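Just upload-v1.cif here, mmCIF, N, CA and C atoms:
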```
data_model
loop_
_atom_site.label_atom_id
_atom_site.label_comp_id
_atom_site.auth_asym_id
_atom_site.auth_seq_id
_atom_site.Cartn_x
_atom_site.Cartn_y
_atom_site.Cartn_z
N MET A 1 85.69 29.43 82.82
CA MET A 1 86.17 29.92 84.10
C MET A 1 87.36 30.85 83.94
N GLU A 2 88.19 30.56 82.98
CA GLU A 2 89.38 31.37 82.77
C GLU A 2 89.00 32.81 82.47
N ILE A 3 87.96 33.02 81.74
CA ILE A 3 87.51 34.38 81.40
C ILE A 3 87.05 35.12 82.65
N LEU A 4 86.38 34.43 83.55
CA LEU A 4 85.95 35.06 84.80
C LEU A 4 87.14 35.46 85.65
N GLU A 5 88.17 34.64 85.67
CA GLU A 5 89.38 34.98 86.41
C GLU A 5 90.05 36.22 85.82
N LYS A 6 90.10 36.28 84.48
CA LYS A 6 90.70 37.45 83.82
C LYS A 6 89.91 38.72 84.14
N ILE A 7 88.58 38.59 84.13
CA ILE A 7 87.73 39.75 84.46
C ILE A 7 87.97 40.16 85.91
N GLY A 8 88.04 39.19 86.79
CA GLY A 8 88.29 39.47 88.21
C GLY A 8 89.65 40.11 88.42
N ASP A 9 90.66 39.61 87.72
CA ASP A 9 92.00 40.19 87.82
C ASP A 9 92.02 41.62 87.31
N THR A 10 91.31 41.86 86.19
CA THR A 10 91.26 43.20 85.60
C THR A 10 90.57 44.17 86.55
N ILE A 11 89.47 43.74 87.14
CA ILE A 11 88.75 44.59 88.09
C ILE A 11 89.62 44.88 89.30
N SER A 12 90.31 43.87 89.80
CA SER A 12 91.18 44.05 90.95
C SER A 12 92.32 45.01 90.63
N GLU A 13 92.90 44.86 89.44
CA GLU A 13 94.00 45.74 89.02
C GLU A 13 93.52 47.18 88.88
N LYS A 14 92.37 47.37 88.27
CA LYS A 14 91.83 48.73 88.10
C LYS A 14 91.48 49.36 89.44
N GLY A 15 90.98 48.57 90.36
CA GLY A 15 90.67 49.06 91.70
C GLY A 15 91.92 49.52 92.43
N LYS A 16 93.01 48.74 92.29
CA LYS A 16 94.28 49.11 92.90
C LYS A 16 94.81 50.39 92.27
N GLU A 17 94.71 50.51 90.96
CA GLU A 17 95.17 51.73 90.28
C GLU A 17 94.38 52.95 90.74
N ALA A 18 93.07 52.79 90.90
CA ALA A 18 92.22 53.89 91.37
C ALA A 18 92.59 54.28 92.80
N ALA A 19 92.83 53.28 93.64
CA ALA A 19 93.21 53.57 95.03
C ALA A 19 94.55 54.28 95.09
N ASP A 20 95.50 53.84 94.27
CA ASP A 20 96.81 54.49 94.22
C ASP A 20 96.67 55.94 93.75
N LYS A 21 95.84 56.14 92.75
CA LYS A 21 95.63 57.50 92.22
C LYS A 21 94.96 58.38 93.28
N ALA A 22 94.00 57.83 94.02
CA ALA A 22 93.33 58.59 95.08
C ALA A 22 94.32 58.99 96.17
N LYS A 23 95.22 58.08 96.53
CA LYS A 23 96.25 58.39 97.54
C LYS A 23 97.17 59.50 97.03
N GLU A 24 97.54 59.41 95.77
CA GLU A 24 98.41 60.42 95.16
C GLU A 24 97.74 61.79 95.19
N ILE A 25 96.48 61.83 94.81
CA ILE A 25 95.74 63.10 94.81
C ILE A 25 95.61 63.65 96.22
N ALA A 26 95.33 62.79 97.19
CA ALA A 26 95.21 63.24 98.58
C ALA A 26 96.53 63.81 99.08
N GLU A 27 97.63 63.18 98.71
CA GLU A 27 98.95 63.67 99.15
C GLU A 27 99.25 65.03 98.51
N ILE A 28 98.91 65.17 97.24
CA ILE A 28 99.13 66.46 96.55
C ILE A 28 98.29 67.56 97.19
N VAL A 29 97.04 67.26 97.50
CA VAL A 29 96.16 68.25 98.15
C VAL A 29 96.74 68.65 99.50
N SER A 30 97.22 67.67 100.27
CA SER A 30 97.82 67.96 101.57
C SER A 30 99.06 68.85 101.41
N LEU A 31 99.92 68.52 100.47
CA LEU A 31 101.13 69.31 100.24
C LEU A 31 100.80 70.73 99.79
N ARG A 32 99.79 70.86 98.93
CA ARG A 32 99.38 72.21 98.49
C ARG A 32 98.84 73.02 99.66
N GLY A 33 98.13 72.36 100.58
CA GLY A 33 97.67 73.04 101.79
C GLY A 33 98.82 73.52 102.64
N GLN A 34 99.85 72.70 102.76
CA GLN A 34 101.03 73.09 103.52
C GLN A 34 101.76 74.25 102.85
N ILE A 35 101.82 74.22 101.51
CA ILE A 35 102.42 75.33 100.77
C ILE A 35 101.65 76.61 101.04
N ALA A 36 100.32 76.55 101.00
CA ALA A 36 99.49 77.73 101.24
C ALA A 36 99.74 78.27 102.65
N THR A 37 99.89 77.40 103.62
CA THR A 37 100.18 77.83 104.99
C THR A 37 101.52 78.54 105.05
N CYS A 38 102.53 77.97 104.42
CA CYS A 38 103.86 78.60 104.39
C CYS A 38 103.80 79.96 103.72
N GLU A 39 103.08 80.06 102.61
CA GLU A 39 102.96 81.33 101.90
C GLU A 39 102.24 82.38 102.75
N GLU A 40 101.26 81.95 103.52
CA GLU A 40 100.54 82.86 104.41
C GLU A 40 101.47 83.38 105.50
N VAL A 41 102.31 82.50 106.05
CA VAL A 41 103.29 82.92 107.06
C VAL A 41 104.26 83.94 106.46
N ILE A 42 104.72 83.68 105.24
CA ILE A 42 105.63 84.60 104.56
C ILE A 42 104.95 85.96 104.38
N LYS A 43 103.73 85.93 103.87
CA LYS A 43 103.00 87.18 103.62
C LYS A 43 102.81 87.97 104.92
N LYS A 44 102.40 87.28 105.97
CA LYS A 44 102.17 87.94 107.27
C LYS A 44 103.46 88.59 107.77
N ASN A 45 104.55 87.87 107.66
CA ASN A 45 105.82 88.41 108.16
C ASN A 45 106.35 89.54 107.29
N TYR A 46 106.16 89.45 105.98
CA TYR A 46 106.52 90.58 105.11
C TYR A 46 105.76 91.83 105.53
N LEU A 47 104.47 91.68 105.81
CA LEU A 47 103.67 92.83 106.23
C LEU A 47 104.17 93.39 107.56
N GLU A 48 104.50 92.51 108.48
CA GLU A 48 105.01 92.96 109.78
C GLU A 48 106.35 93.67 109.64
N ILE A 49 107.22 93.14 108.77
CA ILE A 49 108.51 93.78 108.52
C ILE A 49 108.29 95.18 107.94
N GLY A 50 107.40 95.28 106.97
CA GLY A 50 107.12 96.57 106.35
C GLY A 50 106.55 97.56 107.34
N LYS A 51 105.62 97.11 108.17
CA LYS A 51 105.03 97.99 109.17
C LYS A 51 106.07 98.46 110.18
N LEU A 52 106.90 97.55 110.63
CA LEU A 52 107.95 97.90 111.58
C LEU A 52 108.94 98.89 110.96
N TYR A 53 109.32 98.63 109.71
CA TYR A 53 110.24 99.55 109.03
C TYR A 53 109.62 100.95 108.95
N TYR A 54 108.34 100.99 108.57
CA TYR A 54 107.67 102.30 108.45
C TYR A 54 107.63 103.02 109.80
N GLU A 55 107.29 102.28 110.85
CA GLU A 55 107.22 102.89 112.17
C GLU A 55 108.59 103.41 112.63
N LEU A 56 109.64 102.69 112.31
CA LEU A 56 110.98 103.08 112.75
C LEU A 56 111.65 104.12 111.85
N TYR A 57 111.44 103.98 110.53
CA TYR A 57 112.20 104.79 109.60
C TYR A 57 111.35 105.54 108.57
N GLY A 58 110.04 105.52 108.72
CA GLY A 58 109.16 106.12 107.72
C GLY A 58 109.44 107.57 107.42
N GLU A 59 109.81 108.33 108.44
CA GLU A 59 110.09 109.76 108.25
C GLU A 59 111.46 110.01 107.62
N MET A 60 112.33 109.02 107.71
CA MET A 60 113.68 109.18 107.15
C MET A 60 114.06 107.94 106.35
N ALA A 61 113.11 107.47 105.57
CA ALA A 61 113.29 106.23 104.81
C ALA A 61 114.39 106.37 103.76
N GLU A 62 115.05 105.26 103.52
CA GLU A 62 116.02 105.22 102.44
C GLU A 62 115.30 105.49 101.12
N GLU A 63 116.04 105.95 100.15
CA GLU A 63 115.45 106.33 98.86
C GLU A 63 114.62 105.20 98.25
N SER A 64 115.08 103.97 98.39
CA SER A 64 114.36 102.85 97.78
C SER A 64 113.01 102.58 98.44
N PHE A 65 112.78 103.14 99.63
CA PHE A 65 111.51 102.95 100.34
C PHE A 65 110.70 104.24 100.44
N ALA A 66 111.26 105.34 100.00
CA ALA A 66 110.62 106.65 100.19
C ALA A 66 109.25 106.72 99.53
N LYS A 67 109.13 106.21 98.33
CA LYS A 67 107.85 106.28 97.60
C LYS A 67 106.73 105.57 98.38
N GLN A 68 107.03 104.38 98.86
CA GLN A 68 106.02 103.62 99.60
C GLN A 68 105.70 104.27 100.94
N CYS A 69 106.71 104.80 101.61
CA CYS A 69 106.48 105.47 102.90
C CYS A 69 105.63 106.72 102.70
N ASN A 70 105.88 107.46 101.64
CA ASN A 70 105.06 108.63 101.33
C ASN A 70 103.62 108.22 101.02
N ALA A 71 103.47 107.13 100.30
CA ALA A 71 102.12 106.65 99.98
C ALA A 71 101.37 106.28 101.25
N VAL A 72 102.04 105.61 102.19
CA VAL A 72 101.40 105.25 103.47
C VAL A 72 101.03 106.52 104.23
N ARG A 73 101.94 107.47 104.29
CA ARG A 73 101.70 108.72 105.00
C ARG A 73 100.49 109.45 104.40
N ASN A 74 100.44 109.53 103.07
CA ASN A 74 99.32 110.21 102.40
C ASN A 74 98.01 109.48 102.63
N ALA A 75 98.05 108.15 102.60
CA ALA A 75 96.83 107.37 102.84
C ALA A 75 96.34 107.55 104.27
N ARG A 76 97.25 107.57 105.23
CA ARG A 76 96.86 107.81 106.63
C ARG A 76 96.23 109.19 106.79
N HIS A 77 96.82 110.17 106.12
CA HIS A 77 96.26 111.53 106.16
C HIS A 77 94.85 111.53 105.55
N GLY A 78 94.69 110.81 104.45
CA GLY A 78 93.38 110.69 103.81
C GLY A 78 92.35 110.06 104.73
N VAL A 79 92.76 109.03 105.45
CA VAL A 79 91.86 108.37 106.41
C VAL A 79 91.43 109.35 107.48
N GLU A 80 92.38 110.12 108.00
CA GLU A 80 92.05 111.11 109.03
C GLU A 80 91.05 112.13 108.51
N GLU A 81 91.26 112.64 107.30
CA GLU A 81 90.33 113.62 106.72
C GLU A 81 88.94 113.03 106.53
N LEU A 82 88.90 111.81 106.00
CA LEU A 82 87.60 111.17 105.78
C LEU A 82 86.89 110.87 107.10
N GLN A 83 87.64 110.45 108.11
CA GLN A 83 87.04 110.19 109.41
C GLN A 83 86.50 111.48 110.01
N GLN A 84 87.21 112.58 109.80
CA GLN A 84 86.74 113.87 110.29
C GLN A 84 85.43 114.25 109.61
N LYS A 85 85.30 114.00 108.32
CA LYS A 85 84.05 114.28 107.61
C LYS A 85 82.91 113.44 108.17
N ILE A 86 83.20 112.16 108.48
CA ILE A 86 82.16 111.31 109.08
C ILE A 86 81.76 111.86 110.44
N ASP A 87 82.74 112.26 111.24
CA ASP A 87 82.45 112.82 112.55
C ASP A 87 81.62 114.10 112.42
N ASP A 88 81.95 114.94 111.41
CA ASP A 88 81.19 116.18 111.19
C ASP A 88 79.73 115.87 110.83
N ILE A 89 79.55 114.87 109.97
CA ILE A 89 78.19 114.50 109.57
C ILE A 89 77.41 113.99 110.77
N LYS A 90 78.05 113.23 111.64
CA LYS A 90 77.41 112.70 112.84
C LYS A 90 77.23 113.76 113.91
N GLY A 91 77.88 114.91 113.73
CA GLY A 91 77.78 115.97 114.71
C GLY A 91 78.68 115.75 115.92
N LEU A 92 79.74 115.05 115.72
CA LEU A 92 80.67 114.78 116.84
C LEU A 92 81.71 115.84 116.97
#
```

Turn the structure described in the file into structure tokens.
Amino acid sequence: MEILEKIGDTISEKGKEAADKAKEIAEIVSLRGQIATCEEVIKKNYLEIGKLYYELYGEMAEESFAKQCNAVRNARHGVEELQQKIDDIKGL
């Protein structure tokens, strides 16, 4: 009988360890999800800050932002040219 009790105790102990590990993993997954949400908020707001800066100061950007503002301006011009080509092909 003593051996059966030891086996039962071992099974019970391993089950508790597995349950504890599962809880730990679930908590880590939840925390990582919260981190991802925070990072998404940061990214969204960085983009909004950049867009607002460009709209307000793009034509007279400080030197440290001039390269990026020029790149945005050139890309917008490229979009306009490409859209015009599409309109020409469509006969608009």

Taken to one decimal, the atom N of A:Leu56-atom CA of A:Ile42 distance is 20.1 Å

What does the structure give for the distance between atom C of A:Tyr54 and atom CA of A:Asn70, in Å to one decimal?
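Calculated distance between atom C of A:Tyr54 and atom CA of A:Asn70 is 10.5 Å.
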
Tell me, in Å to one decimal, how far atom N of A:Gly50 is from atom N of A:Thr37.
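Between these atoms lies a distance of 19.7 Å.
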